[in-house]
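Structure, as structure tokens:
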Amino acid sequence: MSLFPLFHEDPAEDLAPQAARLAPKLKALADQGVYFGTSSWKYEGWLGSIYQADRYLTRGKFSRKKFEEECLAEYAATFPVVCGDFAFYQFPSPEYWKRFFEGSPSSLLFAFKVPEDITVARWPTHARYGTRAGEENEGFLRADLFKTLFARRLEPYRDRVVTLIFEFGTFPKSTFPTVDAFLARIEPFLKSLPAGFRYSIEIRNQEYLVPRYLSLLASVRVAHVLNSWTRMPDLGTQIEMPDAFTTDYTVVRALLKRGRAYEQAVEAFEPYQRTVEPNEPAREAMARIAERSLTKNQRAYIFVNNRHEGNAPSTIEHVLEKIRPQGRHIAAD
């Protein structure tokens with residue numbers, strides 16, 4: 001029997017071509033606890049494949065405003081989950097969260113990046129940080145700020161939040177001379193996290209990916225984010241590490257190919273209409289992660305970024321073709 005039955009809540013003719021292919025397969029996997037989604041969703045490059053352009057016309061012309069305000073509903077007809085990267089740049093107000101969740105399809109689940117106000121030790125020297133640029137961040141790993149300004153505001157909607165992701169950028173030696181210094185700083189913070197949410201940590205210092213880091217996360221039931229990024233080991237290497245799966249749910253973020261900077265990916269792949277550079281090892285690793293979760297009856301949340309190969313939906317489609325639960329190839333519908 002195929003893992004992907006012929007089922008979808010909406011008729012296939014109501015979906016764009018690629019969306020019609022993906023929707024039943026993604027729903028079938030989600031029903032078994034494996035959720036595939038993308039990093040954000042407002043990409044005009046997906047018009048004609050995931051989104052139907054005629055839904056976003058105003059007076060016969062494409063309206064970017066209408067698209068950005070309404071495309072999440074069409075996204076949810078295909079994907080069961082999405083990563084809300086926008087939360088990294090702000091503490092959304094209670095009113096914002098209320099409008100956001102009430103205005104999005106109730107079936108759609110979310111992962112959210114925790115605001116950088118919590119995860120950045122020193123503000124980057126970038127114009128958008130204004131007078132804070134280059135200064136120490138007084139809110140770094142402040143448990144009270146996280147609880148009051150983020151977790152508590154999300155509490156009414158926690159049944160739709162699959163994980164909260166602490167993304168730590170690359171720390172210089174001047175901030176944490178050793179991995180033990182980093183672990184000593186995050187341990188009390190992790191132990192203070194309020195119950196009720198799944199938490200995950202994404203590190204971008206390869207030297208931190210050691211057994212005692214993974215052991216700490218396991219002790220507090222926090223997931224290590226298996227991440228494909230510029231200066232991190234590739235996904236295949238990470239999943240072979242002993243104890244890389246630190247709790248009973250898995251979080252994956254396929255962001256960038258190792259060795260490629262963000263700006264290089266943007267230049268090479270925009271407007272994200274198609275796969276430009278397939279990454280077969282990463283696809284294989286994501287399929288293996290999905291298979292592992294299916295076998296163990298555990299949840300997995302796998303998020304793919306356009307800047308990984310050029311077009312996140314196509315990357316996901318290729319990964320689905322590789323999934324072989326318990327060694328059996330999954331036939332296409």
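Going through the structure tokens in order, the chains are called A, B, and so on, while each chain numbers its residues from 1 and the ligands are numbered from 1 in the order shown.
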Strand (DSSP E or B) call set, DSSP backbone run, range 69-305 of chain A, as a count of residues only: 40
Considering only C-alpha atoms, return as an MDAnalysis selection string whatever protein or nucleic-acid residues lie within 12 Å of Pro172 in chain A, sequence-local ones (same chain, fewer than 3 positions apart) excluded. chainID A and resid 120:122 124 168:169 175:179 181:182 204:208
Could you turn the residues from that selection into a file that holds N, CA and C atoms, as an mmCIF file, in the first residue's frame?
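And here's selection.cif as it stands now:
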data_model
loop_
_atom_site.group_PDB
_atom_site.id
_atom_site.type_symbol
_atom_site.label_atom_id
_atom_site.label_comp_id
_atom_site.auth_asym_id
_atom_site.auth_seq_id
_atom_site.Cartn_x
_atom_site.Cartn_y
_atom_site.Cartn_z
ATOM 1 N N VAL A 120 20.816 36.799 20.612
ATOM 2 C CA VAL A 120 22.001 37.523 20.131
ATOM 3 C C VAL A 120 22.758 38.083 21.326
ATOM 4 N N ALA A 121 24.031 37.736 21.464
ATOM 5 C CA ALA A 121 24.833 38.219 22.592
ATOM 6 C C ALA A 121 25.319 39.651 22.374
ATOM 7 N N ARG A 122 25.688 39.958 21.139
ATOM 8 C CA ARG A 122 26.129 41.305 20.788
ATOM 9 C C ARG A 122 25.482 41.679 19.467
ATOM 10 N N PRO A 124 24.756 42.868 15.853
ATOM 11 C CA PRO A 124 25.624 42.984 14.666
ATOM 12 C C PRO A 124 25.858 44.445 14.284
ATOM 13 N N PHE A 168 20.927 30.451 17.360
ATOM 14 C CA PHE A 168 22.115 31.171 17.800
ATOM 15 C C PHE A 168 23.052 31.346 16.613
ATOM 16 N N GLY A 169 23.379 32.588 16.293
ATOM 17 C CA GLY A 169 24.345 32.843 15.236
ATOM 18 C C GLY A 169 25.727 32.411 15.669
ATOM 19 N N THR A 175 33.218 36.089 22.774
ATOM 20 C CA THR A 175 31.969 35.917 23.516
ATOM 21 C C THR A 175 32.003 34.649 24.347
ATOM 22 N N PHE A 176 32.342 33.531 23.706
ATOM 23 C CA PHE A 176 32.472 32.258 24.413
ATOM 24 C C PHE A 176 33.802 31.627 23.998
ATOM 25 N N PRO A 177 34.817 31.709 24.854
ATOM 26 C CA PRO A 177 36.136 31.171 24.489
ATOM 27 C C PRO A 177 36.113 29.676 24.219
ATOM 28 N N THR A 178 35.189 28.949 24.890
ATOM 29 C CA THR A 178 35.120 27.497 24.747
ATOM 30 C C THR A 178 33.672 27.057 24.670
ATOM 31 N N VAL A 179 33.456 25.838 24.228
ATOM 32 C CA VAL A 179 32.109 25.287 24.207
ATOM 33 C C VAL A 179 31.559 25.183 25.620
ATOM 34 N N ALA A 181 32.010 27.232 28.044
ATOM 35 C CA ALA A 181 31.514 28.550 28.438
ATOM 36 C C ALA A 181 30.110 28.782 27.874
ATOM 37 N N PHE A 182 29.900 28.363 26.642
ATOM 38 C CA PHE A 182 28.572 28.473 26.038
ATOM 39 C C PHE A 182 27.564 27.611 26.788
ATOM 40 N N ARG A 204 25.320 27.454 15.269
ATOM 41 C CA ARG A 204 26.052 27.673 14.024
ATOM 42 C C ARG A 204 27.557 27.732 14.264
ATOM 43 N N ASN A 205 27.975 27.201 15.401
ATOM 44 C CA ASN A 205 29.392 26.983 15.686
ATOM 45 C C ASN A 205 29.633 25.487 15.613
ATOM 46 N N GLN A 206 30.331 25.036 14.607
ATOM 47 C CA GLN A 206 30.561 23.607 14.438
ATOM 48 C C GLN A 206 31.243 22.999 15.664
ATOM 49 N N GLU A 207 32.122 23.766 16.301
ATOM 50 C CA GLU A 207 32.869 23.228 17.441
ATOM 51 C C GLU A 207 31.985 22.985 18.671
ATOM 52 N N TYR A 208 30.760 23.526 18.668
ATOM 53 C CA TYR A 208 29.842 23.281 19.786
ATOM 54 C C TYR A 208 29.129 21.933 19.650
#
Selection near Phe197 in chain A, 12 Å with only C-alpha atoms, sequence-local residues under 3 positions removed, as a ChimeraX atom specification: /A:110-112,147,150-152,154-165,193-194,200,221-223
With only C-alpha atoms as the atoms that count, which of A:Asp31, A:Glu263, A:Glu44, A:Glu69 lies nearest to Arg299 in chain A? A:Asp31
Best match for closeness to Gly259 in chain A among A:Asn137, A:Ser314, A:Thr230, A:Thr119, counting only C-alpha atoms: A:Thr230
The residue from A:Tyr35, A:Phe86, A:Tyr129, A:Phe303 with the smallest atom-to-atom distance to Phe100 in chain A, counting only C-alpha atoms, is A:Phe86
Neighbouring residues of Leu235 in chain A were defined as those with any atom within 8 Å, considering only C-alpha atoms; residues of the same chain fewer than 4 positions away were excluded. Please report them as a PyMOL selection string. chain A and resi 226-228+239+281-282+285-286
If you keep C-alpha atoms, can you produce a file of those selected residues as a short mmCIF file (atom, residue, chain, number, x, y, z; two decimals), in the first residue's frame?
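This went into part_34.cif:
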data_model
loop_
_atom_site.label_atom_id
_atom_site.label_comp_id
_atom_site.auth_asym_id
_atom_site.auth_seq_id
_atom_site.Cartn_x
_atom_site.Cartn_y
_atom_site.Cartn_z
CA LEU A 226 19.64 19.27 12.40
CA ASN A 227 20.61 22.18 10.19
CA SER A 228 22.14 22.51 6.77
CA ILE A 239 22.50 12.35 11.74
CA PRO A 281 23.09 14.14 -0.06
CA ALA A 282 20.84 16.55 1.82
CA ALA A 285 19.44 12.72 4.73
CA MET A 286 15.99 14.31 5.01
#
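Residue nearest Leu26 in chain A, chosen from A:Phe67, A:Trp41, A:Tyr213, A:Phe79 and counting only C-alpha atoms: A:Phe79.
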When you look at range 300-302 of chain A with a cut-off of 10 Å (counting only C-alpha atoms), what residues show up, excluding the ones that are within fewer than 2 positions of it in the same chain? I need them as a ChimeraX atom specification. /A:29-30,32-39,81-83,110-111,162-163,225-227,248-254,286-287,289-294,297-298,304,316
Restricting the output to C-alpha atoms, write the selected residues as a PDB file, in the first residue's frame.
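Generated output (out38.pdb):
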ATOM      1  CA  LEU A  29       2.821  11.940   6.148  1.00  0.00           C
ATOM      2  CA  ALA A  30       1.487  14.518   8.606  1.00  0.00           C
ATOM      3  CA  GLN A  32       1.719   9.786  10.675  1.00  0.00           C
ATOM      4  CA  GLY A  33       3.612  12.534  12.492  1.00  0.00           C
ATOM      5  CA  VAL A  34       6.070  13.671   9.811  1.00  0.00           C
ATOM      6  CA  TYR A  35       5.517  17.287   8.814  1.00  0.00           C
ATOM      7  CA  PHE A  36       7.191  18.965   5.856  1.00  0.00           C
ATOM      8  CA  GLY A  37       7.005  22.731   5.427  1.00  0.00           C
ATOM      9  CA  THR A  38       8.978  25.710   4.216  1.00  0.00           C
ATOM     10  CA  SER A  39      10.726  28.693   5.759  1.00  0.00           C
ATOM     11  CA  VAL A  81       3.259  23.403   8.758  1.00  0.00           C
ATOM     12  CA  VAL A  82       5.407  26.480   8.171  1.00  0.00           C
ATOM     13  CA  CYS A  83       8.311  28.143   9.956  1.00  0.00           C
ATOM     14  CA  PHE A 110       3.660  26.776  13.015  1.00  0.00           C
ATOM     15  CA  ALA A 111       7.230  26.758  14.212  1.00  0.00           C
ATOM     16  CA  VAL A 162       5.000  22.657  16.970  1.00  0.00           C
ATOM     17  CA  THR A 163       8.272  24.099  18.270  1.00  0.00           C
ATOM     18  CA  VAL A 225      18.064  21.351  15.142  1.00  0.00           C
ATOM     19  CA  LEU A 226      19.637  19.272  12.400  1.00  0.00           C
ATOM     20  CA  ASN A 227      20.609  22.175  10.187  1.00  0.00           C
ATOM     21  CA  ASP A 248      11.329  12.275  21.026  1.00  0.00           C
ATOM     22  CA  TYR A 249      10.719  14.806  18.238  1.00  0.00           C
ATOM     23  CA  THR A 250      13.048  15.939  15.478  1.00  0.00           C
ATOM     24  CA  VAL A 251      13.496  19.385  13.947  1.00  0.00           C
ATOM     25  CA  VAL A 252      15.306  19.933  10.636  1.00  0.00           C
ATOM     26  CA  ARG A 253      16.144  23.182   8.860  1.00  0.00           C
ATOM     27  CA  ALA A 254      17.628  22.867   5.372  1.00  0.00           C
ATOM     28  CA  MET A 286      15.994  14.314   5.010  1.00  0.00           C
ATOM     29  CA  ALA A 287      14.397  11.143   3.663  1.00  0.00           C
ATOM     30  CA  ILE A 289      15.153  11.378   9.016  1.00  0.00           C
ATOM     31  CA  ALA A 290      11.539  10.980   7.875  1.00  0.00           C
ATOM     32  CA  GLU A 291      11.938   7.199   7.714  1.00  0.00           C
ATOM     33  CA  ARG A 292      13.427   7.115  11.205  1.00  0.00           C
ATOM     34  CA  SER A 293      10.494   9.066  12.638  1.00  0.00           C
ATOM     35  CA  LEU A 294       7.975   6.851  10.866  1.00  0.00           C
ATOM     36  CA  ASN A 297       6.406   6.604  15.627  1.00  0.00           C
ATOM     37  CA  GLN A 298       7.871   9.980  16.582  1.00  0.00           C
ATOM     38  CA  VAL A 304      13.213  23.673   3.726  1.00  0.00           C
ATOM     39  CA  ILE A 316      10.425  18.691  -0.682  1.00  0.00           C
TER      40      ILE A 316
END
Would you please work out which residue, of A:Gln273, A:Asn305, A:Ser63, A:Thr295, is nearest to Trp46 in chain A when using only C-alpha atoms?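 Nearest to Trp46 in chain A: A:Gln273.
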Considering only C-alpha atoms, state which residue in the set A:Val210, A:Leu256, A:Leu15, A:Ile50 is at the smallest distance from Pro278 in chain A. A:Leu256
Can you pull out every residue from range 10-206 of chain A that DSSP, working from the backbone, puts in helix (DSSP H, G or I), and format the result as a ChimeraX atom specification? /A:12-14,17-31,44-46,53-56,64-76,85-89,94-102,116-119,127-132,143-160,179-191,206
Set the distance at 12 Å and use only C-alpha atoms: which residues neighbour Gln52 in chain A once local chain neighbours fewer than 6 positions away are removed? I'd like the list as an MDAnalysis selection string. chainID A and resid 13:20 44:46 62 67 70:71 73:75 77
Need the shell around Trp123 in chain A: protein/DNA/RNA residues with any atom at most 8 Å away, counting only C-alpha atoms. Skip same-chain ones fewer than 4 positions apart. Format as number ranges by chain? A: 129, 132-137
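With CA of Arg99 in chain A on one side and CA of Ser40 in chain A on the other, the separation reads 17.6 Å.
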